[in-house]
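All remarks here apply to the structure that follows.
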Amino acid sequence: AAVASALASCSPRVRAAAVAGADGGAEADAAFEEAVVVVGIAGALLADDPDEGETPDVPLAIAAVAARDPNVAAGVAAVVQETLSLLKAAGPGAGSPAVAARFAWFLRRVVASYAAAQARGLEEVTGIHAADAFVGAAATYGVAFLESWPAEPAASKGATALLGTLARARRGALAGALATRPEVAALAAAHAASLVAPATTSLASAIARLPPARRGDLAEALGDCALAADAAAGDAEGGGFCAVVRPLEAAAARLLAGAGGDADVILACYGGIARAAAAQALEGAAAAA
């Protein structure tokens with residue numbers, strides 16, 4: 001309750017800072033810094049770190065208390081909801097790259113931990129029953145962060161890591177939720193366009209500005225998503241996956257023909273596609289992150 005209240009009290013100040021923009025001065029900076037700190041506390045409280053080497057899950061302390069107290073799920077859901085409300089107050093790009101990186105970190109932790117919980121039938125612990133809505137919000141903000149801050153290392157890395165975790169967290173109530181999102185279709189189209197022609201949309205332009213490593217991460221996420229969609233649809237030919245690979249093949253052909261292109265980006269994207277295909281072969285379409 002204390003964390004949810006802190007998040008709620010932060011929202012008006014962050015909203016005012018977002019409206020003020022560059023004219024907000026020190027007061028706006030303080031509001032955004034407060035958001036970074038409070039969201040960091042919320043993420044550490046609710047979810048495991050997906051980069052620690054073990055399979056992310058609901059923290060043992062939450063699971064143990066939830067077994068005795070049915071109100072725990074409501075408390076978890078309240079913290080998640082207040083965090084999303086705070087993010088909405090900050091705006092699509094979250095106001096600054098540091099804030100965007102923190103929100104991406106929070107969403108990624110929650111997705112990784114609570115997708116695993118739902119796979120084991122622990123929805124009563126998570127309190128996140130509207131999984132499709134949550135995945136949709138996380139995907140929307142992941143794309144928005146990428147579009148807003150492509151040249152900011154922490155924000156762009158956080159956004160691509162979030163999208164990658166979303167793409168791999170496919171069990172239980174999260175199954176198929178990401179692959180059918182319009183945000184993902186737009187992202188795939190922009191990714192393809194950025195490989196074969198000068199960018200004509202803001203999203204394609206943002207993707208074109210990403211460093212090769214982030215382009216590879218994005219290609220891996222899109223490949224994972226396409227493989228999940230193909231498996232769900234029973235598409236043995238892999239039509240969705242081929243649609244992700246074809247623009248990359250065209251870009252490689254242009255490069256080899258001397259017609260231009262970035263070899264580092266093309267190689268990074270092939271690496272991402274290969275990682276997605278290898279995970280599919282080893283773990284199957286329903287594997288969790």
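Quick note on naming: the chains in the structure tokens go A, B, ... in the order shown, residues restart at 1 in each chain, and ligands are numbered from 1 in order of appearance.
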
Those of stretch 69-274 of chain A in DSSP helix (DSSP H, G or I), formatted as an MDAnalysis selection string: chainID A and resid 72:90 97:119 123:126 131:148 153:168 172:174 182:196 202:209 212:233 239:256 263:274

Could you check which of A:Ala243, A:Ala206, A:Ala213, A:Ala155 is closest to A:Ile266, using only C-alpha atoms?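 The shortest atom-to-atom distance to A:Ile266 comes from A:Ala213.
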
Which of these, A:Gly25, A:Gly223, A:Gly216, A:Gly164, has the shortest distance to A:Gly272 once you count only C-alpha atoms? A:Gly216

Which residues are near A:Leu7? Cut-off 8 Å, only C-alpha atoms, ignore same chain within fewer than 3 positions. Put them as a ChimeraX atom specification. /A:3-4,10-11,35,38-39,79,82-83,86

Atoms to include: N, CA, C and O atoms. Write the selected residues as a PDB file, in the first residue's frame.
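Done, and the output landed in again_22.pdb:
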```pdb
ATOM      1  N   VAL A   3       3.867   1.671  -1.270  1.00  0.00           N
ATOM      2  CA  VAL A   3       4.488   1.890  -2.583  1.00  0.00           C
ATOM      3  C   VAL A   3       3.451   2.403  -3.571  1.00  0.00           C
ATOM      4  O   VAL A   3       3.720   3.332  -4.344  1.00  0.00           O
ATOM      5  N   ALA A   4       2.259   1.813  -3.565  1.00  0.00           N
ATOM      6  CA  ALA A   4       1.193   2.281  -4.455  1.00  0.00           C
ATOM      7  C   ALA A   4       0.850   3.741  -4.169  1.00  0.00           C
ATOM      8  O   ALA A   4       0.638   4.542  -5.091  1.00  0.00           O
ATOM      9  N   CYS A  10       3.133  10.722  -6.785  1.00  0.00           N
ATOM     10  CA  CYS A  10       4.134  11.220  -7.736  1.00  0.00           C
ATOM     11  C   CYS A  10       3.503  11.637  -9.071  1.00  0.00           C
ATOM     12  O   CYS A  10       4.026  12.510  -9.766  1.00  0.00           O
ATOM     13  N   SER A  11       2.378  11.026  -9.420  1.00  0.00           N
ATOM     14  CA  SER A  11       1.774  11.241 -10.739  1.00  0.00           C
ATOM     15  C   SER A  11       1.465  12.694 -11.059  1.00  0.00           C
ATOM     16  O   SER A  11       1.798  13.173 -12.150  1.00  0.00           O
ATOM     17  N   ALA A  35      10.268   9.915  -9.886  1.00  0.00           N
ATOM     18  CA  ALA A  35       9.652   8.792 -10.597  1.00  0.00           C
ATOM     19  C   ALA A  35      10.641   7.651 -10.774  1.00  0.00           C
ATOM     20  O   ALA A  35      10.296   6.473 -10.582  1.00  0.00           O
ATOM     21  N   VAL A  38      11.015   5.890  -7.273  1.00  0.00           N
ATOM     22  CA  VAL A  38       9.833   5.161  -6.803  1.00  0.00           C
ATOM     23  C   VAL A  38       9.557   3.945  -7.678  1.00  0.00           C
ATOM     24  O   VAL A  38       9.223   2.858  -7.178  1.00  0.00           O
ATOM     25  N   VAL A  39       9.702   4.103  -8.995  1.00  0.00           N
ATOM     26  CA  VAL A  39       9.489   2.955  -9.894  1.00  0.00           C
ATOM     27  C   VAL A  39      10.561   1.893  -9.654  1.00  0.00           C
ATOM     28  O   VAL A  39      10.292   0.688  -9.737  1.00  0.00           O
ATOM     29  N   VAL A  79       0.016  -1.809  -7.316  1.00  0.00           N
ATOM     30  CA  VAL A  79       1.324  -1.235  -7.623  1.00  0.00           C
ATOM     31  C   VAL A  79       1.546  -1.182  -9.137  1.00  0.00           C
ATOM     32  O   VAL A  79       2.018  -0.176  -9.685  1.00  0.00           O
ATOM     33  N   GLU A  82      -0.759   1.576 -10.595  1.00  0.00           N
ATOM     34  CA  GLU A  82      -0.273   2.923 -10.290  1.00  0.00           C
ATOM     35  C   GLU A  82       0.987   3.256 -11.092  1.00  0.00           C
ATOM     36  O   GLU A  82       1.197   4.415 -11.485  1.00  0.00           O
ATOM     37  N   THR A  83       1.812   2.255 -11.345  1.00  0.00           N
ATOM     38  CA  THR A  83       2.995   2.487 -12.174  1.00  0.00           C
ATOM     39  C   THR A  83       2.586   2.823 -13.604  1.00  0.00           C
ATOM     40  O   THR A  83       3.145   3.744 -14.225  1.00  0.00           O
ATOM     41  N   LEU A  86       1.343   6.306 -13.656  1.00  0.00           N
ATOM     42  CA  LEU A  86       2.458   7.244 -13.608  1.00  0.00           C
ATOM     43  C   LEU A  86       3.113   7.368 -14.978  1.00  0.00           C
ATOM     44  O   LEU A  86       3.463   8.476 -15.416  1.00  0.00           O
TER      45      LEU A  86
END
```

What's the separation between atom CA of A:Ala100 and atom CA of A:Ala159, in Å to one decimal place?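 One can read the atom CA of A:Ala100 to atom CA of A:Ala159 distance as 8.2 Å.
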
Do you know which residues are at most 8 Å from stretch 101-111 of chain A counting only C-alpha atoms, after dropping those on the same chain fewer than 5 positions away, and could you put them as JSON, numbers by chain? {"A": [36, 39, 40, 42, 43, 46, 47, 48, 49, 50, 87, 94, 135, 138, 141, 142, 154, 155, 156, 157, 158, 159, 161, 162, 165, 166, 169]}

Atom pair atom CA of A:Cys225 / atom CA of A:Ala167: separation (Å):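 Atom CA of A:Ala167 lies at a distance of 5.1 Å from atom CA of A:Cys225.
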